[in-house]
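> Got work.pdb for you, PDB, C-alpha atoms:
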ATOM      1  CA  MET A   1       0.000   0.000   0.000  1.00  0.00           C
ATOM      2  CA  GLY A   2       1.250   3.467  -0.824  1.00  0.00           C
ATOM      3  CA  ALA A   3       1.418   6.338   1.579  1.00  0.00           C
ATOM      4  CA  LEU A   4      -1.799   7.469   3.197  1.00  0.00           C
ATOM      5  CA  LYS A   5      -2.437  11.101   4.019  1.00  0.00           C
ATOM      6  CA  GLN A   6      -2.663  11.769   7.740  1.00  0.00           C
ATOM      7  CA  SER A   7      -6.341  12.718   7.395  1.00  0.00           C
ATOM      8  CA  ASN A   8      -7.067   9.284   5.923  1.00  0.00           C
ATOM      9  CA  ILE A   9      -5.054   7.529   8.623  1.00  0.00           C
ATOM     10  CA  ASN A  10      -7.052   9.471  11.210  1.00  0.00           C
ATOM     11  CA  ARG A  11     -10.306   8.451   9.506  1.00  0.00           C
ATOM     12  CA  PHE A  12      -9.740   4.723  10.012  1.00  0.00           C
ATOM     13  CA  ARG A  13      -8.199   5.216  13.453  1.00  0.00           C
ATOM     14  CA  ASN A  14     -11.265   7.231  14.493  1.00  0.00           C
ATOM     15  CA  ARG A  15     -13.351   4.232  13.453  1.00  0.00           C
ATOM     16  CA  GLY A  16     -11.384   1.976  15.808  1.00  0.00           C
ATOM     17  CA  TYR A  17      -8.754   0.505  13.467  1.00  0.00           C
ATOM     18  CA  ARG A  18      -5.148   0.726  14.651  1.00  0.00           C
ATOM     19  CA  SER A  19      -3.695   0.193  11.195  1.00  0.00           C
ATOM     20  CA  TYR A  20      -4.603  -0.150   7.540  1.00  0.00           C
ATOM     21  CA  ALA A  21      -3.870  -3.885   7.794  1.00  0.00           C
ATOM     22  CA  GLU A  22      -6.365  -4.171  10.652  1.00  0.00           C
ATOM     23  CA  TYR A  23      -8.930  -2.310   8.557  1.00  0.00           C
ATOM     24  CA  LEU A  24      -8.421  -4.751   5.663  1.00  0.00           C
ATOM     25  CA  ALA A  25      -9.056  -7.637   8.085  1.00  0.00           C
ATOM     26  CA  SER A  26     -12.267  -6.031   9.400  1.00  0.00           C
ATOM     27  CA  ASP A  27     -15.903  -7.011   9.005  1.00  0.00           C
ATOM     28  CA  HIS A  28     -16.479  -3.681   7.262  1.00  0.00           C
ATOM     29  CA  TRP A  29     -13.893  -4.438   4.566  1.00  0.00           C
ATOM     30  CA  ALA A  30     -15.449  -7.911   4.173  1.00  0.00           C
ATOM     31  CA  ARG A  31     -18.815  -6.163   3.539  1.00  0.00           C
ATOM     32  CA  VAL A  32     -17.147  -3.866   1.007  1.00  0.00           C
ATOM     33  CA  ARG A  33     -15.640  -6.841  -0.847  1.00  0.00           C
ATOM     34  CA  ARG A  34     -18.980  -8.676  -0.752  1.00  0.00           C
ATOM     35  CA  ALA A  35     -20.858  -5.594  -2.014  1.00  0.00           C
ATOM     36  CA  TYR A  36     -18.378  -5.289  -4.870  1.00  0.00           C
ATOM     37  CA  ARG A  37     -18.732  -8.979  -5.742  1.00  0.00           C
ATOM     38  CA  ASP A  38     -22.545  -8.822  -5.573  1.00  0.00           C
ATOM     39  CA  SER A  39     -22.700  -5.643  -7.671  1.00  0.00           C
ATOM     40  CA  GLY A  40     -22.081  -7.436 -10.948  1.00  0.00           C
ATOM     41  CA  ARG A  41     -18.992  -5.352 -11.600  1.00  0.00           C
ATOM     42  CA  PRO A  42     -16.026  -7.039 -13.294  1.00  0.00           C
ATOM     43  CA  MET A  43     -14.296  -9.707 -11.219  1.00  0.00           C
ATOM     44  CA  ASP A  44     -11.196  -9.965 -13.372  1.00  0.00           C
ATOM     45  CA  CYS A  45      -8.122  -7.773 -13.336  1.00  0.00           C
ATOM     46  CA  ALA A  46      -8.737  -4.421 -15.006  1.00  0.00           C
ATOM     47  CA  ALA A  47      -5.195  -4.519 -16.374  1.00  0.00           C
ATOM     48  CA  CYS A  48      -4.633  -8.072 -17.609  1.00  0.00           C
ATOM     49  CA  GLY A  49      -7.906  -9.968 -17.149  1.00  0.00           C
ATOM     50  CA  ALA A  50      -6.483 -12.477 -14.662  1.00  0.00           C
ATOM     51  CA  ARG A  51      -8.208 -13.908 -11.616  1.00  0.00           C
ATOM     52  CA  PRO A  52      -8.336 -13.933  -8.640  1.00  0.00           C
ATOM     53  CA  ILE A  53      -8.454 -10.224  -7.918  1.00  0.00           C
ATOM     54  CA  GLU A  54      -7.728  -7.887  -5.049  1.00  0.00           C
ATOM     55  CA  LEU A  55      -9.639  -4.624  -4.715  1.00  0.00           C
ATOM     56  CA  HIS A  56      -7.415  -1.599  -5.043  1.00  0.00           C
ATOM     57  CA  HIS A  57      -8.491   1.780  -3.667  1.00  0.00           C
ATOM     58  CA  ARG A  58      -8.496   4.287  -6.515  1.00  0.00           C
ATOM     59  CA  SER A  59      -8.629   6.914  -3.797  1.00  0.00           C
ATOM     60  CA  TYR A  60      -8.219   6.783  -0.039  1.00  0.00           C
ATOM     61  CA  SER A  61     -10.330   9.902   0.476  1.00  0.00           C
ATOM     62  CA  ARG A  62     -13.385   7.868   1.535  1.00  0.00           C
ATOM     63  CA  ILE A  63     -11.577   5.093   3.372  1.00  0.00           C
ATOM     64  CA  CYS A  64     -14.014   3.409   5.807  1.00  0.00           C
ATOM     65  CA  GLY A  65     -16.827   4.798   3.686  1.00  0.00           C
ATOM     66  CA  GLU A  66     -15.933   3.502   0.245  1.00  0.00           C
ATOM     67  CA  ARG A  67     -18.126   3.650  -2.812  1.00  0.00           C
ATOM     68  CA  LEU A  68     -18.004   0.926  -5.441  1.00  0.00           C
ATOM     69  CA  ASN A  69     -16.408   3.316  -7.907  1.00  0.00           C
ATOM     70  CA  ASP A  70     -13.579   3.970  -5.418  1.00  0.00           C
ATOM     71  CA  LEU A  71     -12.364   0.431  -6.117  1.00  0.00           C
ATOM     72  CA  ILE A  72     -10.751  -1.313  -9.043  1.00  0.00           C
ATOM     73  CA  PRO A  73     -10.045  -5.042  -9.338  1.00  0.00           C
ATOM     74  CA  LEU A  74      -6.415  -5.933  -9.925  1.00  0.00           C
ATOM     75  CA  CYS A  75      -4.684  -9.291  -9.770  1.00  0.00           C
ATOM     76  CA  ARG A  76      -1.891  -9.596  -7.227  1.00  0.00           C
ATOM     77  CA  GLY A  77       0.807  -8.993  -9.845  1.00  0.00           C
ATOM     78  CA  CYS A  78      -0.775  -5.875 -11.335  1.00  0.00           C
ATOM     79  CA  HIS A  79      -1.718  -4.602  -7.879  1.00  0.00           C
ATOM     80  CA  GLY A  80       1.932  -4.968  -6.905  1.00  0.00           C
ATOM     81  CA  ARG A  81       3.034  -3.060 -10.002  1.00  0.00           C
ATOM     82  CA  VAL A  82       0.742  -0.152  -9.091  1.00  0.00           C
ATOM     83  CA  HIS A  83       2.106  -0.037  -5.552  1.00  0.00           C
ATOM     84  CA  ASP A  84       5.689  -0.394  -6.799  1.00  0.00           C
ATOM     85  CA  TYR A  85       5.066   2.711  -8.926  1.00  0.00           C
ATOM     86  CA  ILE A  86       3.594   4.553  -5.950  1.00  0.00           C
ATOM     87  CA  ASN A  87       6.524   3.557  -3.721  1.00  0.00           C
ATOM     88  CA  ALA A  88       9.055   4.513  -6.416  1.00  0.00           C
ATOM     89  CA  ASN A  89       7.501   7.980  -6.345  1.00  0.00           C
ATOM     90  CA  ASP A  90       8.040   8.270  -2.582  1.00  0.00           C
ATOM     91  CA  GLY A  91       4.365   7.617  -1.917  1.00  0.00           C
ATOM     92  CA  GLN A  92       3.447  10.976  -3.407  1.00  0.00           C
ATOM     93  CA  VAL A  93       0.901   9.279  -5.638  1.00  0.00           C
ATOM     94  CA  VAL A  94      -1.801   7.756  -3.481  1.00  0.00           C
ATOM     95  CA  GLN A  95      -4.523   6.826  -5.919  1.00  0.00           C
ATOM     96  CA  ALA A  96      -4.742   4.690  -9.015  1.00  0.00           C
ATOM     97  CA  THR A  97      -5.998   7.453 -11.243  1.00  0.00           C
ATOM     98  CA  PRO A  98      -6.283   6.731 -14.949  1.00  0.00           C
ATOM     99  CA  ALA A  99      -3.029   8.632 -15.545  1.00  0.00           C
ATOM    100  CA  ILE A 100      -1.157   6.397 -13.113  1.00  0.00           C
ATOM    101  CA  LEU A 101      -2.610   3.236 -14.633  1.00  0.00           C
ATOM    102  CA  ARG A 102      -1.680   4.545 -18.074  1.00  0.00           C
ATOM    103  CA  ARG A 103       1.927   5.009 -16.948  1.00  0.00           C
ATOM    104  CA  VAL A 104       2.181   1.677 -15.153  1.00  0.00           C
ATOM    105  CA  PHE A 105       0.590  -0.428 -17.895  1.00  0.00           C
ATOM    106  CA  GLY A 106       1.526   1.605 -20.995  1.00  0.00           C
ATOM    107  CA  TRP A 107      -2.062   2.188 -22.103  1.00  0.00           C
ATOM    108  CA  THR A 108      -3.122   4.892 -24.537  1.00  0.00           C
ATOM    109  CA  LYS A 109      -5.622   7.490 -23.325  1.00  0.00           C
ATOM    110  CA  ALA A 110      -8.385   5.830 -25.358  1.00  0.00           C
ATOM    111  CA  GLU A 111      -7.533   2.393 -23.981  1.00  0.00           C
ATOM    112  CA  THR A 112      -7.481   3.806 -20.451  1.00  0.00           C
ATOM    113  CA  ARG A 113     -10.944   5.375 -20.886  1.00  0.00           C
ATOM    114  CA  ALA A 114     -12.318   2.097 -22.232  1.00  0.00           C
ATOM    115  CA  ARG A 115     -10.759  -0.002 -19.451  1.00  0.00           C
ATOM    116  CA  MET A 116     -11.920   2.369 -16.699  1.00  0.00           C
ATOM    117  CA  ALA A 117     -15.499   2.850 -17.964  1.00  0.00           C
ATOM    118  CA  PRO A 118     -16.959  -0.140 -16.048  1.00  0.00           C
ATOM    119  CA  PHE A 119     -15.607   1.276 -12.791  1.00  0.00           C
ATOM    120  CA  ASP A 120     -16.965   4.778 -13.246  1.00  0.00           C
ATOM    121  CA  ALA A 121     -20.639   3.805 -13.478  1.00  0.00           C
ATOM    122  CA  ASP A 122     -23.187   5.999 -11.715  1.00  0.00           C
ATOM    123  CA  ASP A 123     -24.464   3.005  -9.729  1.00  0.00           C
ATOM    124  CA  GLY A 124     -21.149   2.971  -7.854  1.00  0.00           C
ATOM    125  CA  ARG A 125     -21.633   6.280  -6.067  1.00  0.00           C
ATOM    126  CA  GLN A 126     -23.493   4.952  -3.037  1.00  0.00           C
ATOM    127  CA  THR A 127     -21.417   4.560   0.106  1.00  0.00           C
ATOM    128  CA  ILE A 128     -21.010   0.965   1.303  1.00  0.00           C
ATOM    129  CA  LEU A 129     -21.887   0.688   4.985  1.00  0.00           C
TER     130      LEU A 129
END
Once more with this new file: its structure as structure tokens, please.


Amino acid sequence: MGALKQSNINRFRNRGYRSYAEYLASDHWARVRRAYRDSGRPMDCAACGARPIELHHRSYSRICGERLNDLIPLCRGCHGRVHDYINANDGQVVQATPAILRRVFGWTKAETRARMAPFDADDGRQTIL
């Protein structure tokens, strides 16, 4: 995981989680993963199509109150590549924006728009509780 802004760290600590790892092991995160799975959204890696997937936070700004469109499925290898990029940039990049994915995976702008379209759907704007 890349660097989290202090405000985001405070958000999950204020909800009773001592660390990001503890949050990912929580019942809430299990509900988030289940809601994603049950949503009918893609369950294969957005980058390479592989399975199984891990859910990557496109943004940490709503951590502990994620929306479906805050998440993108990536296989372990591609997820690692995204975080390697973030870490190589001293954690200054903390979200998998289309521009970051384009850099990491070498996509064109058009390819990036097409690959990201399923994750930007309006039905993904409701907060998962």

> List as a VMD selection string the protein and nucleic acid residues near region 109-124 of chain A, meaning an atom at most 7 Å away when only C-alpha atoms are counted, but skip any in the same chain fewer than 3 places from it.

chain A and resid 46 67 to 69 72 98 102

> Between CA of Glu22 (chain A) and CA of Glu54 (chain A), what is the distance in Å, rounded to a tenth?

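Taking CA of Glu22 (chain A) and CA of Glu54 (chain A), their separation equals 16.2 Å.
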
> Run through the PyMOL selection byres ((chain A and resi 50) around 12) on the given coordinates and return the selected residues as a VMD selection string.

chain A and resid 42 to 49 51 to 54 73 to 79

> Please measure the separation of CA of Arg62 (chain A) and CA of Thr108 (chain A), giving the value in Å to one decimal.

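Straight-line distance from CA of Arg62 (chain A) to CA of Thr108 (chain A) works out to 28.2 Å.
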
> What does the distance between CA of Asp70 (chain A) and CA of Asn14 (chain A) come to in Å, to one decimal place?

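Computed distance, CA of Asp70 (chain A) to CA of Asn14 (chain A), equals 20.3 Å.
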
> Here's the selection I'm unsure about, the PyMOL selection byres ((chain A and resi 9) around 12); applied to the file above, which residues does it give, as a list in words?

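When the PyMOL selection byres ((chain A and resi 9) around 12) is applied to the shown file, the picked residues are Ala3, Leu4, Lys5, Gln6, Ser7, Asn8, Asn10, Arg11, Phe12, Arg13, Asn14, Arg15, Gly16, Tyr17, Arg18, Ser19, Tyr20, Ala21, Glu22, Tyr23, Tyr60, Ser61, Arg62, Ile63 and Cys64 of chain A.
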
> Counting all atoms listed in the file, which residue out of A:Val82, A:Leu71, A:Leu55, A:Ala25 sits closest to Val104 (chain A)?

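Between A:Val82, A:Leu71, A:Leu55, A:Ala25, the residue approaching Val104 (chain A) most closely is A:Val82.
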
> Report, as AutoDock Vina command-line options, the centre and edge lengths in Å (one decimal) of the axis-aligned box enclosing every listed atom of region 45-64 of chain A, padded by 5 Å on each side.


--center_x -9.3 --center_y -2.0 --center_z -5.9 --size_x 19.4 --size_y 33.8 --size_z 33.4
